[in-house]
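What follows is the content of query_10.pdb, which has PDB, C-alpha atoms:
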```
ATOM      1  CA  MET J1004     -28.100 229.436 -48.326
ATOM      2  CA  ILE J1005     -28.264 232.802 -50.082
ATOM      3  CA  ARG J1006     -24.967 234.205 -51.372
ATOM      4  CA  SER J1007     -24.376 237.831 -52.387
ATOM      5  CA  VAL J1008     -23.005 237.766 -55.928
ATOM      6  CA  ILE J1009     -21.520 240.757 -57.754
ATOM      7  CA  ARG J1010     -23.623 241.222 -60.879
ATOM      8  CA  GLY J1011     -22.018 244.415 -62.130
ATOM      9  CA  THR J1012     -19.362 247.046 -61.441
ATOM     10  CA  GLY J1013     -18.955 250.705 -62.332
ATOM     11  CA  HIS J1014     -16.835 253.721 -61.482
ATOM     12  CA  TYR J1015     -16.546 257.423 -62.080
ATOM     13  CA  LEU J1016     -13.655 259.862 -61.878
ATOM     14  CA  PRO J1017     -14.058 263.657 -62.161
ATOM     15  CA  ALA J1018     -12.813 265.265 -65.376
ATOM     16  CA  ARG J1019     -10.041 267.302 -63.757
ATOM     17  CA  ILE J1020      -6.758 265.378 -63.641
ATOM     18  CA  VAL J1021      -4.093 266.721 -61.267
ATOM     19  CA  PRO J1022      -0.553 265.473 -61.995
ATOM     20  CA  ASN J1023       2.125 265.494 -59.314
ATOM     21  CA  ALA J1024       3.899 268.378 -61.044
ATOM     22  CA  GLU J1025       1.002 270.693 -60.168
ATOM     23  CA  PHE J1026       1.915 270.493 -56.467
ATOM     24  CA  ALA J1027       5.511 271.575 -57.099
ATOM     25  CA  ALA J1028       4.346 275.145 -57.768
ATOM     26  CA  THR J1029       3.159 275.655 -54.183
ATOM     27  CA  LEU J1030       4.893 272.960 -52.112
ATOM     28  CA  ASP J1031       8.431 271.737 -51.506
ATOM     29  CA  THR J1032       7.825 268.541 -53.437
ATOM     30  CA  SER J1033       8.283 266.950 -56.852
ATOM     31  CA  ASP J1034       6.908 264.189 -59.019
ATOM     32  CA  GLU J1035       9.865 261.997 -58.068
ATOM     33  CA  TRP J1036       9.326 262.596 -54.332
ATOM     34  CA  ILE J1037       5.616 261.732 -54.485
ATOM     35  CA  VAL J1038       6.036 258.647 -56.698
ATOM     36  CA  SER J1039       8.898 257.255 -54.602
ATOM     37  CA  ARG J1040       6.866 257.499 -51.383
ATOM     38  CA  SER J1041       3.397 256.568 -52.606
ATOM     39  CA  GLY J1042       3.406 255.290 -56.174
ATOM     40  CA  ILE J1043       0.851 257.992 -57.038
ATOM     41  CA  GLU J1044       1.316 259.792 -60.365
ATOM     42  CA  ARG J1045      -1.977 261.662 -60.696
ATOM     43  CA  ARG J1046      -5.392 262.064 -59.079
ATOM     44  CA  HIS J1047      -8.802 263.538 -59.989
ATOM     45  CA  PHE J1048     -10.491 266.465 -58.228
ATOM     46  CA  ALA J1049     -14.200 267.201 -58.336
ATOM     47  CA  ALA J1050     -15.245 270.403 -60.071
ATOM     48  CA  LYS J1051     -16.907 273.292 -58.258
ATOM     49  CA  GLY J1052     -20.523 272.315 -57.831
ATOM     50  CA  GLU J1053     -19.745 268.594 -58.242
ATOM     51  CA  PHE J1054     -20.508 266.685 -55.048
ATOM     52  CA  THR J1055     -20.040 263.237 -53.566
ATOM     53  CA  SER J1056     -23.615 262.282 -54.469
ATOM     54  CA  ASP J1057     -22.949 263.230 -58.103
ATOM     55  CA  LEU J1058     -19.890 260.974 -58.275
ATOM     56  CA  ALA J1059     -21.788 258.154 -56.564
ATOM     57  CA  THR J1060     -24.738 258.438 -58.943
ATOM     58  CA  HIS J1061     -22.477 258.287 -62.020
ATOM     59  CA  ALA J1062     -20.743 255.160 -60.678
ATOM     60  CA  ALA J1063     -24.097 253.575 -59.784
ATOM     61  CA  ARG J1064     -25.444 254.112 -63.300
ATOM     62  CA  ALA J1065     -22.320 252.507 -64.756
ATOM     63  CA  ALA J1066     -22.679 249.490 -62.430
ATOM     64  CA  LEU J1067     -26.369 249.068 -63.312
ATOM     65  CA  GLU J1068     -25.541 249.183 -67.027
ATOM     66  CA  ASN J1069     -22.759 246.634 -66.539
ATOM     67  CA  ALA J1070     -25.149 244.364 -64.634
ATOM     68  CA  GLY J1071     -27.974 244.783 -67.127
ATOM     69  CA  ILE J1072     -30.317 245.696 -64.272
ATOM     70  CA  ALA J1073     -32.765 248.607 -64.171
ATOM     71  CA  ALA J1074     -32.645 251.052 -61.254
ATOM     72  CA  SER J1075     -36.267 250.151 -60.483
ATOM     73  CA  GLU J1076     -35.105 246.613 -59.614
ATOM     74  CA  ILE J1077     -32.828 247.826 -56.806
ATOM     75  CA  ASP J1078     -34.071 247.200 -53.260
ATOM     76  CA  ALA J1079     -31.458 249.162 -51.314
ATOM     77  CA  VAL J1080     -28.643 251.674 -51.768
ATOM     78  CA  ILE J1081     -25.678 251.782 -49.380
ATOM     79  CA  VAL J1082     -23.028 254.467 -49.747
ATOM     80  CA  ALA J1083     -19.714 254.350 -47.903
ATOM     81  CA  THR J1084     -18.341 257.873 -47.525
ATOM     82  CA  SER J1085     -16.586 260.220 -45.109
ATOM     83  CA  THR J1086     -17.285 263.299 -47.244
ATOM     84  CA  PRO J1087     -21.090 263.549 -47.543
ATOM     85  CA  ASP J1088     -22.781 266.472 -49.276
ATOM     86  CA  TYR J1089     -24.667 267.344 -46.091
ATOM     87  CA  THR J1090     -24.647 266.410 -42.420
ATOM     88  CA  PHE J1091     -27.967 264.839 -43.376
ATOM     89  CA  PRO J1092     -29.726 263.449 -45.338
ATOM     90  CA  ALA J1093     -27.555 260.503 -46.346
ATOM     91  CA  VAL J1094     -25.762 260.558 -49.674
ATOM     92  CA  ALA J1095     -27.461 257.222 -50.421
ATOM     93  CA  THR J1096     -30.897 258.853 -50.407
ATOM     94  CA  GLN J1097     -29.700 261.430 -52.922
ATOM     95  CA  VAL J1098     -28.358 258.660 -55.154
ATOM     96  CA  GLN J1099     -31.670 256.850 -54.753
ATOM     97  CA  ALA J1100     -33.514 259.976 -55.916
ATOM     98  CA  GLY J1101     -31.035 260.626 -58.709
ATOM     99  CA  LEU J1102     -31.669 257.154 -60.082
ATOM    100  CA  GLY J1103     -35.431 257.584 -59.827
ATOM    101  CA  ILE J1104     -35.834 254.858 -57.178
ATOM    102  CA  THR J1105     -38.888 255.493 -55.002
ATOM    103  CA  ARG J1106     -39.040 252.253 -53.003
ATOM    104  CA  GLY J1107     -36.764 250.288 -50.710
ATOM    105  CA  PHE J1108     -34.271 251.987 -48.418
ATOM    106  CA  ALA J1109     -30.960 253.844 -48.491
ATOM    107  CA  PHE J1110     -28.314 254.744 -45.918
ATOM    108  CA  ASP J1111     -24.655 255.704 -45.512
ATOM    109  CA  ILE J1112     -21.818 253.914 -43.734
ATOM    110  CA  GLN J1113     -18.837 255.799 -42.316
ATOM    111  CA  ALA J1114     -15.703 253.723 -41.765
ATOM    112  CA  VAL J1115     -13.356 255.993 -43.756
ATOM    113  CA  CYS J1116     -11.056 254.008 -46.084
ATOM    114  CA  ALA J1117     -12.490 250.704 -44.836
ATOM    115  CA  GLY J1118     -16.002 251.934 -45.618
ATOM    116  CA  PHE J1119     -16.607 249.830 -48.713
ATOM    117  CA  VAL J1120     -15.583 246.613 -46.939
ATOM    118  CA  PHE J1121     -17.975 247.461 -44.092
ATOM    119  CA  ALA J1122     -20.728 248.341 -46.589
ATOM    120  CA  LEU J1123     -20.210 245.116 -48.526
ATOM    121  CA  ALA J1124     -20.449 243.093 -45.311
ATOM    122  CA  ASN J1125     -23.657 244.913 -44.294
ATOM    123  CA  ALA J1126     -25.237 244.447 -47.719
ATOM    124  CA  THR J1127     -24.375 240.755 -47.604
ATOM    125  CA  GLY J1128     -26.086 240.452 -44.221
ATOM    126  CA  LEU J1129     -29.211 242.236 -45.485
ATOM    127  CA  ILE J1130     -29.446 239.920 -48.481
ATOM    128  CA  ALA J1131     -28.920 236.822 -46.320
ATOM    129  CA  ALA J1132     -31.641 238.043 -43.938
ATOM    130  CA  GLY J1133     -34.121 238.543 -46.767
ATOM    131  CA  GLN J1134     -34.330 242.317 -46.304
ATOM    132  CA  ALA J1135     -33.218 242.943 -49.894
ATOM    133  CA  ASN J1136     -32.319 240.955 -52.994
ATOM    134  CA  ARG J1137     -30.508 243.533 -55.117
ATOM    135  CA  VAL J1138     -28.324 246.141 -53.412
ATOM    136  CA  LEU J1139     -26.236 248.953 -54.873
ATOM    137  CA  VAL J1140     -23.071 249.230 -52.767
ATOM    138  CA  ILE J1141     -21.117 252.401 -53.493
ATOM    139  CA  GLY J1142     -17.935 254.016 -52.231
ATOM    140  CA  ALA J1143     -17.716 257.736 -53.044
ATOM    141  CA  GLU J1144     -15.482 260.551 -51.791
ATOM    142  CA  THR J1145     -14.487 264.168 -52.390
ATOM    143  CA  PHE J1146     -11.430 264.261 -50.149
ATOM    144  CA  SER J1147     -10.138 267.329 -51.996
ATOM    145  CA  ARG J1148     -12.620 269.279 -49.819
ATOM    146  CA  ILE J1149     -10.864 268.337 -46.550
ATOM    147  CA  MET J1150      -7.206 268.729 -47.520
ATOM    148  CA  ASP J1151      -4.674 271.041 -45.885
ATOM    149  CA  TRP J1152      -2.928 272.304 -49.006
ATOM    150  CA  THR J1153       0.126 273.372 -46.981
ATOM    151  CA  ASP J1154       0.810 269.830 -45.732
ATOM    152  CA  ARG J1155       2.800 268.005 -48.410
ATOM    153  CA  SER J1156       2.688 264.742 -46.445
ATOM    154  CA  THR J1157      -1.093 264.410 -46.906
ATOM    155  CA  CYS J1158      -2.507 266.637 -49.646
ATOM    156  CA  VAL J1159      -0.595 264.865 -52.438
ATOM    157  CA  LEU J1160      -1.987 261.461 -51.476
ATOM    158  CA  PHE J1161      -5.740 261.841 -51.893
ATOM    159  CA  GLY J1162      -8.168 262.169 -54.766
ATOM    160  CA  ASP J1163     -11.878 262.153 -55.564
ATOM    161  CA  GLY J1164     -13.851 259.360 -57.181
ATOM    162  CA  ALA J1165     -16.541 256.721 -56.853
ATOM    163  CA  GLY J1166     -16.970 253.012 -57.454
ATOM    164  CA  ALA J1167     -20.057 250.814 -57.254
ATOM    165  CA  VAL J1168     -21.151 247.199 -57.390
ATOM    166  CA  VAL J1169     -24.565 245.623 -57.850
ATOM    167  CA  LEU J1170     -25.023 242.761 -55.380
ATOM    168  CA  GLU J1171     -27.691 240.146 -55.980
ATOM    169  CA  GLY J1172     -28.841 237.219 -53.874
ATOM    170  CA  HIS J1173     -28.249 233.778 -55.402
ATOM    171  CA  PRO J1174     -28.830 230.306 -53.927
ATOM    172  CA  GLY J1175     -25.637 228.644 -52.721
ATOM    173  CA  THR J1176     -24.680 225.324 -51.214
ATOM    174  CA  GLY J1177     -22.839 226.822 -48.258
ATOM    175  CA  ALA J1178     -19.513 225.523 -49.558
ATOM    176  CA  ASN J1179     -16.565 227.794 -50.324
ATOM    177  CA  THR J1180     -16.903 226.851 -53.980
ATOM    178  CA  ASP J1181     -20.076 228.993 -54.193
ATOM    179  CA  ARG J1182     -20.059 232.215 -56.170
ATOM    180  CA  GLY J1183     -20.417 235.430 -54.182
ATOM    181  CA  VAL J1184     -19.272 236.698 -50.802
ATOM    182  CA  LEU J1185     -17.856 233.804 -48.783
ATOM    183  CA  SER J1186     -16.669 235.578 -45.622
ATOM    184  CA  CYS J1187     -16.176 238.971 -43.984
ATOM    185  CA  ASP J1188     -13.896 240.107 -41.173
ATOM    186  CA  LEU J1189     -14.443 243.551 -39.616
ATOM    187  CA  ASN J1190     -12.412 245.308 -36.894
ATOM    188  CA  SER J1191     -12.111 248.690 -35.166
ATOM    189  CA  ASP J1192     -10.001 250.121 -32.341
ATOM    190  CA  GLY J1193     -10.823 253.685 -31.310
ATOM    191  CA  GLN J1194      -7.692 254.187 -29.239
ATOM    192  CA  TYR J1195      -5.804 255.006 -32.458
ATOM    193  CA  ARG J1196      -7.964 257.978 -33.453
ATOM    194  CA  GLU J1197      -5.073 260.440 -33.393
ATOM    195  CA  LEU J1198      -3.227 258.535 -36.139
ATOM    196  CA  LEU J1199      -5.719 259.506 -38.846
ATOM    197  CA  TYR J1200      -8.621 261.884 -38.353
ATOM    198  CA  VAL J1201     -10.257 265.138 -39.448
ATOM    199  CA  ASP J1202      -9.934 267.993 -36.953
ATOM    200  CA  GLY J1203     -13.517 269.182 -37.241
ATOM    201  CA  GLY J1204     -17.121 268.083 -36.972
ATOM    202  CA  VAL J1205     -20.658 269.245 -36.315
ATOM    203  CA  SER J1206     -20.645 268.423 -32.605
ATOM    204  CA  ARG J1207     -17.019 269.366 -31.918
ATOM    205  CA  ASN J1208     -16.614 272.754 -33.579
ATOM    206  CA  GLY J1209     -19.240 273.103 -36.303
ATOM    207  CA  GLN J1210     -16.589 273.013 -39.030
ATOM    208  CA  ALA J1211     -15.707 270.511 -41.743
ATOM    209  CA  GLY J1212     -12.086 270.397 -40.593
ATOM    210  CA  MET J1213      -8.982 269.086 -42.370
ATOM    211  CA  LEU J1214      -7.372 265.684 -42.580
ATOM    212  CA  ARG J1215      -4.500 264.965 -40.173
ATOM    213  CA  MET J1216      -2.330 261.872 -40.368
ATOM    214  CA  GLN J1217       0.711 260.354 -38.680
ATOM    215  CA  GLY J1218       1.928 258.619 -41.804
ATOM    216  CA  ARG J1219       4.700 256.513 -40.319
ATOM    217  CA  GLU J1220       2.441 255.062 -37.612
ATOM    218  CA  VAL J1221      -0.423 254.451 -40.059
ATOM    219  CA  PHE J1222       1.958 252.521 -42.326
ATOM    220  CA  ARG J1223       3.154 250.382 -39.424
ATOM    221  CA  HIS J1224      -0.383 249.464 -38.382
ATOM    222  CA  ALA J1225      -1.619 249.039 -41.952
ATOM    223  CA  VAL J1226       0.621 246.208 -43.118
ATOM    224  CA  GLU J1227       0.245 244.232 -39.893
ATOM    225  CA  LYS J1228      -3.540 244.653 -39.579
ATOM    226  CA  LEU J1229      -4.314 244.151 -43.272
ATOM    227  CA  ALA J1230      -2.423 240.857 -43.354
ATOM    228  CA  ALA J1231      -4.130 239.731 -40.134
ATOM    229  CA  THR J1232      -7.656 240.529 -41.336
ATOM    230  CA  ALA J1233      -6.964 238.846 -44.681
ATOM    231  CA  HIS J1234      -5.891 235.653 -42.922
ATOM    232  CA  ALA J1235      -8.949 235.848 -40.627
ATOM    233  CA  ALA J1236     -11.370 236.209 -43.549
ATOM    234  CA  LEU J1237      -9.729 233.340 -45.425
ATOM    235  CA  GLU J1238      -9.866 231.141 -42.324
ATOM    236  CA  LYS J1239     -13.587 231.872 -41.912
ATOM    237  CA  ALA J1240     -14.117 230.710 -45.499
ATOM    238  CA  GLY J1241     -11.946 227.618 -45.026
ATOM    239  CA  LEU J1242      -9.461 228.860 -47.614
ATOM    240  CA  SER J1243      -5.744 229.675 -47.749
ATOM    241  CA  THR J1244      -3.624 232.332 -49.432
ATOM    242  CA  ASP J1245      -2.345 229.941 -52.109
ATOM    243  CA  GLN J1246      -5.940 229.637 -53.408
ATOM    244  CA  ILE J1247      -6.288 233.394 -54.034
ATOM    245  CA  ASP J1248      -6.469 234.449 -57.669
ATOM    246  CA  TRP J1249      -6.626 238.205 -57.077
ATOM    247  CA  VAL J1250      -6.164 240.702 -54.257
ATOM    248  CA  VAL J1251      -8.038 243.992 -54.662
ATOM    249  CA  PRO J1252      -6.641 246.114 -51.823
ATOM    250  CA  HIS J1253      -7.471 249.595 -50.640
ATOM    251  CA  GLN J1254      -5.480 251.835 -52.977
ATOM    252  CA  ALA J1255      -3.773 254.024 -50.384
ATOM    253  CA  ASN J1256      -0.088 253.731 -51.022
ATOM    254  CA  LEU J1257       1.976 251.409 -53.225
ATOM    255  CA  ARG J1258       4.382 250.682 -50.360
ATOM    256  CA  ILE J1259       1.498 249.473 -48.168
ATOM    257  CA  ILE J1260       0.110 247.377 -51.041
ATOM    258  CA  ARG J1261       3.501 245.776 -51.663
ATOM    259  CA  GLY J1262       4.210 245.273 -47.959
ATOM    260  CA  THR J1263       0.873 243.544 -47.369
ATOM    261  CA  ALA J1264       1.261 241.305 -50.421
ATOM    262  CA  GLN J1265       4.716 240.310 -49.228
ATOM    263  CA  LYS J1266       3.409 239.541 -45.730
ATOM    264  CA  LEU J1267       0.696 237.352 -47.300
ATOM    265  CA  GLY J1268       3.286 235.616 -49.470
ATOM    266  CA  LEU J1269       1.594 236.709 -52.698
ATOM    267  CA  PRO J1270       3.290 238.026 -55.850
ATOM    268  CA  LEU J1271       2.402 241.547 -56.985
ATOM    269  CA  GLU J1272       1.162 240.005 -60.259
ATOM    270  CA  LYS J1273      -1.922 238.834 -58.334
ATOM    271  CA  VAL J1274      -2.641 242.299 -56.936
ATOM    272  CA  ILE J1275      -4.839 244.856 -58.698
ATOM    273  CA  VAL J1276      -3.033 248.210 -58.514
ATOM    274  CA  THR J1277      -4.689 251.422 -59.695
ATOM    275  CA  VAL J1278      -3.377 253.891 -57.093
ATOM    276  CA  GLN J1279      -1.025 255.489 -59.616
ATOM    277  CA  ASP J1280      -3.980 256.872 -61.579
ATOM    278  CA  HIS J1281      -6.290 258.220 -58.874
ATOM    279  CA  GLY J1282      -4.442 258.320 -55.535
ATOM    280  CA  ASN J1283      -6.172 257.408 -52.300
ATOM    281  CA  THR J1284      -9.910 257.760 -52.880
ATOM    282  CA  SER J1285     -10.730 256.334 -49.436
ATOM    283  CA  ALA J1286     -13.988 254.309 -49.464
ATOM    284  CA  ALA J1287     -14.133 254.553 -53.262
ATOM    285  CA  SER J1288     -10.795 252.876 -53.925
ATOM    286  CA  ILE J1289     -11.755 249.174 -53.748
ATOM    287  CA  PRO J1290     -14.929 249.355 -55.873
ATOM    288  CA  LEU J1291     -13.087 251.666 -58.276
ATOM    289  CA  ALA J1292     -10.252 249.124 -58.634
ATOM    290  CA  LEU J1293     -12.764 246.266 -58.981
ATOM    291  CA  SER J1294     -14.518 248.136 -61.775
ATOM    292  CA  VAL J1295     -11.308 249.005 -63.634
ATOM    293  CA  ALA J1296     -10.040 245.413 -63.448
ATOM    294  CA  ASN J1297     -13.428 244.031 -64.505
ATOM    295  CA  ALA J1298     -13.543 246.404 -67.484
ATOM    296  CA  GLN J1299     -10.089 245.135 -68.465
ATOM    297  CA  GLY J1300     -11.390 241.557 -68.414
ATOM    298  CA  ARG J1301      -8.984 240.455 -65.702
ATOM    299  CA  PHE J1302     -11.528 238.467 -63.662
ATOM    300  CA  LYS J1303     -13.020 235.195 -64.852
ATOM    301  CA  PRO J1304     -15.942 233.251 -63.353
ATOM    302  CA  GLY J1305     -14.838 231.250 -60.319
ATOM    303  CA  ASP J1306     -11.836 233.456 -59.471
ATOM    304  CA  LEU J1307     -11.239 233.840 -55.730
ATOM    305  CA  ILE J1308     -10.841 237.507 -54.789
ATOM    306  CA  LEU J1309      -9.640 239.017 -51.520
ATOM    307  CA  THR J1310     -10.352 242.660 -50.690
ATOM    308  CA  GLU J1311      -8.878 244.399 -47.641
ATOM    309  CA  ALA J1312      -8.748 247.961 -46.318
ATOM    310  CA  ILE J1313      -7.788 250.061 -43.311
ATOM    311  CA  GLY J1314      -8.809 253.604 -42.443
ATOM    312  CA  GLY J1315      -9.325 256.103 -39.668
ATOM    313  CA  GLY J1316     -10.812 254.827 -36.462
ATOM    314  CA  LEU J1317      -8.745 252.786 -36.816
ATOM    315  CA  SER J1318     -11.110 250.528 -38.735
ATOM    316  CA  TRP J1319     -10.051 247.646 -40.940
ATOM    317  CA  GLY J1320     -11.432 244.528 -42.547
ATOM    318  CA  ALA J1321     -11.443 242.049 -45.400
ATOM    319  CA  VAL J1322     -13.944 240.264 -47.635
ATOM    320  CA  VAL J1323     -13.385 237.028 -49.537
ATOM    321  CA  LEU J1324     -15.592 236.482 -52.576
ATOM    322  CA  ARG J1325     -15.788 234.272 -55.612
ATOM    323  CA  TRP J1326     -16.369 235.997 -58.931
TER     324      TRP J1326
END
```

Please render this file's structure as structure tokens.
Amino acid sequence: MIRSVIRGTGHYLPARIVPNAEFAATLDTSDEWIVSRSGIERRHFAAKGEFTSDLATHAARAALENAGIAASEIDAVIVATSTPDYTFPAVATQVQAGLGITRGFAFDIQAVCAGFVFALANATGLIAAGQANRVLVIGAETFSRIMDWTDRSTCVLFGDGAGAVVLEGHPGTGANTDRGVLSCDLNSDGQYRELLYVDGGVSRNGQAGMLRMQGREVFRHAVEKLAATAHAALEKAGLSTDQIDWVVPHQANLRIIRGTAQKLGLPLEKVIVTVQDHGNTSAASIPLALSVANAQGRFKPGDLILTEAIGGGLSWGAVVLRW
């Protein structure tokens, strides 16, 4: 059995740091208000002329360096994003070109904040099927380009950034003691579109649109669905919550992170939290948090890691992997 093992991680955040206080000049808000409702203290915004593909390429290079693998050894590039540079071609093809890769294949996945979980599951399937052996899986976003700067309930929550992992196929025994991805659980339900969406699109009105969210309803669905998908992924792997060493959740909101951990019966000490430093970076948040924690030396070989995310669609899912 071939397992998909994380060989390296990397991330990139734009140079511009935007503290909460910056919003107080134009909105009826404050640092205290934002922190108390989200846990977010600052976020990064891409510079003019800096695009999603640029962020993704920086993160990919960092992941390749961490893995000790040359770009020429990569068989496929998958980018999870909701904020591509163009309608087409895919951001992944631009990353492929930026890295000087001229073989293999590249494509994007769009599942909003759950995008990296969906991309990781797809990459795992491609490796298991023999379509690729080494895959760059990247989450990258420039959500600052789709914000309504008059809406204090949304514009203070999001930031720009990218995170990447290098996945590599390794022989496994099929047991849950193997290294690598052990199980995936993916879900979507389109009836909840109005809870979190962008009010524009090529087919609908030819405009990029702005993000719209019913925060209270999203929170209610998030905690319930994240806990459920986590349990489902663990059950598929034949594991239980008391065996988890680390949870690396989607970094959307500290209240959601805490609520989900509580529902899973896990202490916050086992949860990687980085949302305070970069806000909600959508599909980038899980690989970004993985990379930060890995750089800090928090993971050790054999650690059992649970990742889970929910985003517009609604789409949600979880992946269980062994470091």

Exactly which residues make up the result of the PyMOL selection byres ((chain J and resi 1055-1066) around 6) on this file, given as an mmCIF file with C-alpha atoms, keeping the file's coordinate frame?
```
data_model
loop_
_atom_site.group_PDB
_atom_site.id
_atom_site.type_symbol
_atom_site.label_atom_id
_atom_site.label_comp_id
_atom_site.auth_asym_id
_atom_site.auth_seq_id
_atom_site.Cartn_x
_atom_site.Cartn_y
_atom_site.Cartn_z
ATOM 1 C CA GLY J 1011 -22.018 244.415 -62.130
ATOM 2 C CA THR J 1012 -19.362 247.046 -61.441
ATOM 3 C CA GLY J 1013 -18.955 250.705 -62.332
ATOM 4 C CA HIS J 1014 -16.835 253.721 -61.482
ATOM 5 C CA TYR J 1015 -16.546 257.423 -62.080
ATOM 6 C CA PHE J 1054 -20.508 266.685 -55.048
ATOM 7 C CA LEU J 1067 -26.369 249.068 -63.312
ATOM 8 C CA GLU J 1068 -25.541 249.183 -67.027
ATOM 9 C CA ASN J 1069 -22.759 246.634 -66.539
ATOM 10 C CA VAL J 1094 -25.762 260.558 -49.674
ATOM 11 C CA VAL J 1098 -28.358 258.660 -55.154
ATOM 12 C CA ALA J 1143 -17.716 257.736 -53.044
ATOM 13 C CA GLU J 1144 -15.482 260.551 -51.791
ATOM 14 C CA THR J 1145 -14.487 264.168 -52.390
ATOM 15 C CA ALA J 1165 -16.541 256.721 -56.853
ATOM 16 C CA GLY J 1166 -16.970 253.012 -57.454
ATOM 17 C CA ALA J 1167 -20.057 250.814 -57.254
ATOM 18 C CA VAL J 1168 -21.151 247.199 -57.390
#
```

Item to check | Result set of the PyMOL selection byres ((chain J and resi 1314) around 9) on the coordinates above, as an MDAnalysis selection string | outcome: chainID J and resid 1114:1118 1199 1221 1225 1285:1286 1312:1313 1315:1319

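Rounded to one decimal, atom CA of Arg1106 of chain J and atom CA of Asp1078 of chain J lie 7.1 Å from each other.
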
Next on the checklist: Need to verify the contact set: Leu1257 of chain J, 10 Å, all atoms listed in the file, exclusion of same-chain residues closer than 4 positions in sequence. Can you return it as JSON, numbers by chain?
Outcome noted: {"J": [1038, 1039, 1040, 1041, 1042, 1043, 1253, 1261, 1262, 1263, 1276, 1277, 1278, 1279, 1282]}

Item to check | the PyMOL selection byres ((chain J and resi 1226-1243) around 6) resolved against shown file, as number ranges by chain | outcome: J: 1185-1188, 1224-1225, 1244-1246, 1263, 1320-1321

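By all atoms listed in the file, and with residues fewer than 4 positions from Pro1174 of chain J along its chain excluded, the set lying at most 12 Å from it is Met1004, Ile1005, Arg1006, Ser1007, Val1008, Ile1130, Ala1131, Asn1136, Ala1178, Asp1181, Arg1182, Gly1183 and Val1184 of chain J.
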
Checklist entry - When you draw a straight line from atom CA of Glu1272 of chain J to atom CA of Thr1310 of chain J, how long is it in Å? => result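 Going from atom CA of Glu1272 of chain J over to atom CA of Thr1310 of chain J, I get 15.2 Å.
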
Item to check | Shell of 12 Å around Gly1204 of chain J, all atoms listed in the file, local chain residues under 4 positions omitted, as a PyMOL selection string | outcome: chain J and resi 1085-1086+1089-1090+1149+1200+1208-1214

Next on the checklist: When you look at Ala1050 of chain J with a cut-off of 8 Å (counting only C-alpha atoms), what residues show up, excluding the ones that are within fewer than 4 positions of it in the same chain? I need them as a count of residues only.
Outcome noted: 3

Item to check | Point-to-point distance in Å for atom CA of Ile1289 of chain J and atom CA of Leu1016 of chain J | outcome: 13.6 Å

Could I get segment 1257-1268 of chain J rebuilt with N, CA and C atoms, written as a compact mmCIF listing (two decimals), keeping the file's coordinate frame?
```txt
# COMPACT_ATOMS: atom_id res chain seq x y z
N LEU J 1257 1.38 252.59 -52.60
CA LEU J 1257 1.98 251.41 -53.22
C LEU J 1257 2.88 250.65 -52.25
N ARG J 1258 3.51 251.36 -51.33
CA ARG J 1258 4.38 250.68 -50.36
C ARG J 1258 3.56 249.81 -49.42
N ILE J 1259 2.37 250.28 -49.02
CA ILE J 1259 1.50 249.47 -48.17
C ILE J 1259 0.99 248.26 -48.95
N ILE J 1260 0.60 248.47 -50.20
CA ILE J 1260 0.11 247.38 -51.04
C ILE J 1260 1.18 246.31 -51.20
N ARG J 1261 2.40 246.73 -51.50
CA ARG J 1261 3.50 245.78 -51.66
C ARG J 1261 3.84 245.07 -50.36
N GLY J 1262 3.87 245.85 -49.26
CA GLY J 1262 4.21 245.27 -47.96
C GLY J 1262 3.21 244.23 -47.51
N THR J 1263 1.92 244.49 -47.75
CA THR J 1263 0.87 243.54 -47.37
C THR J 1263 0.94 242.29 -48.23
N ALA J 1264 1.14 242.47 -49.53
CA ALA J 1264 1.26 241.30 -50.42
C ALA J 1264 2.43 240.42 -50.01
N GLN J 1265 3.54 241.06 -49.66
CA GLN J 1265 4.72 240.31 -49.23
C GLN J 1265 4.43 239.54 -47.93
N LYS J 1266 3.73 240.19 -47.00
CA LYS J 1266 3.41 239.54 -45.73
C LYS J 1266 2.46 238.36 -45.93
N LEU J 1267 1.61 238.45 -46.98
CA LEU J 1267 0.70 237.35 -47.30
C LEU J 1267 1.37 236.28 -48.17
N GLY J 1268 2.56 236.57 -48.62
CA GLY J 1268 3.29 235.62 -49.47
C GLY J 1268 2.74 235.54 -50.88
```
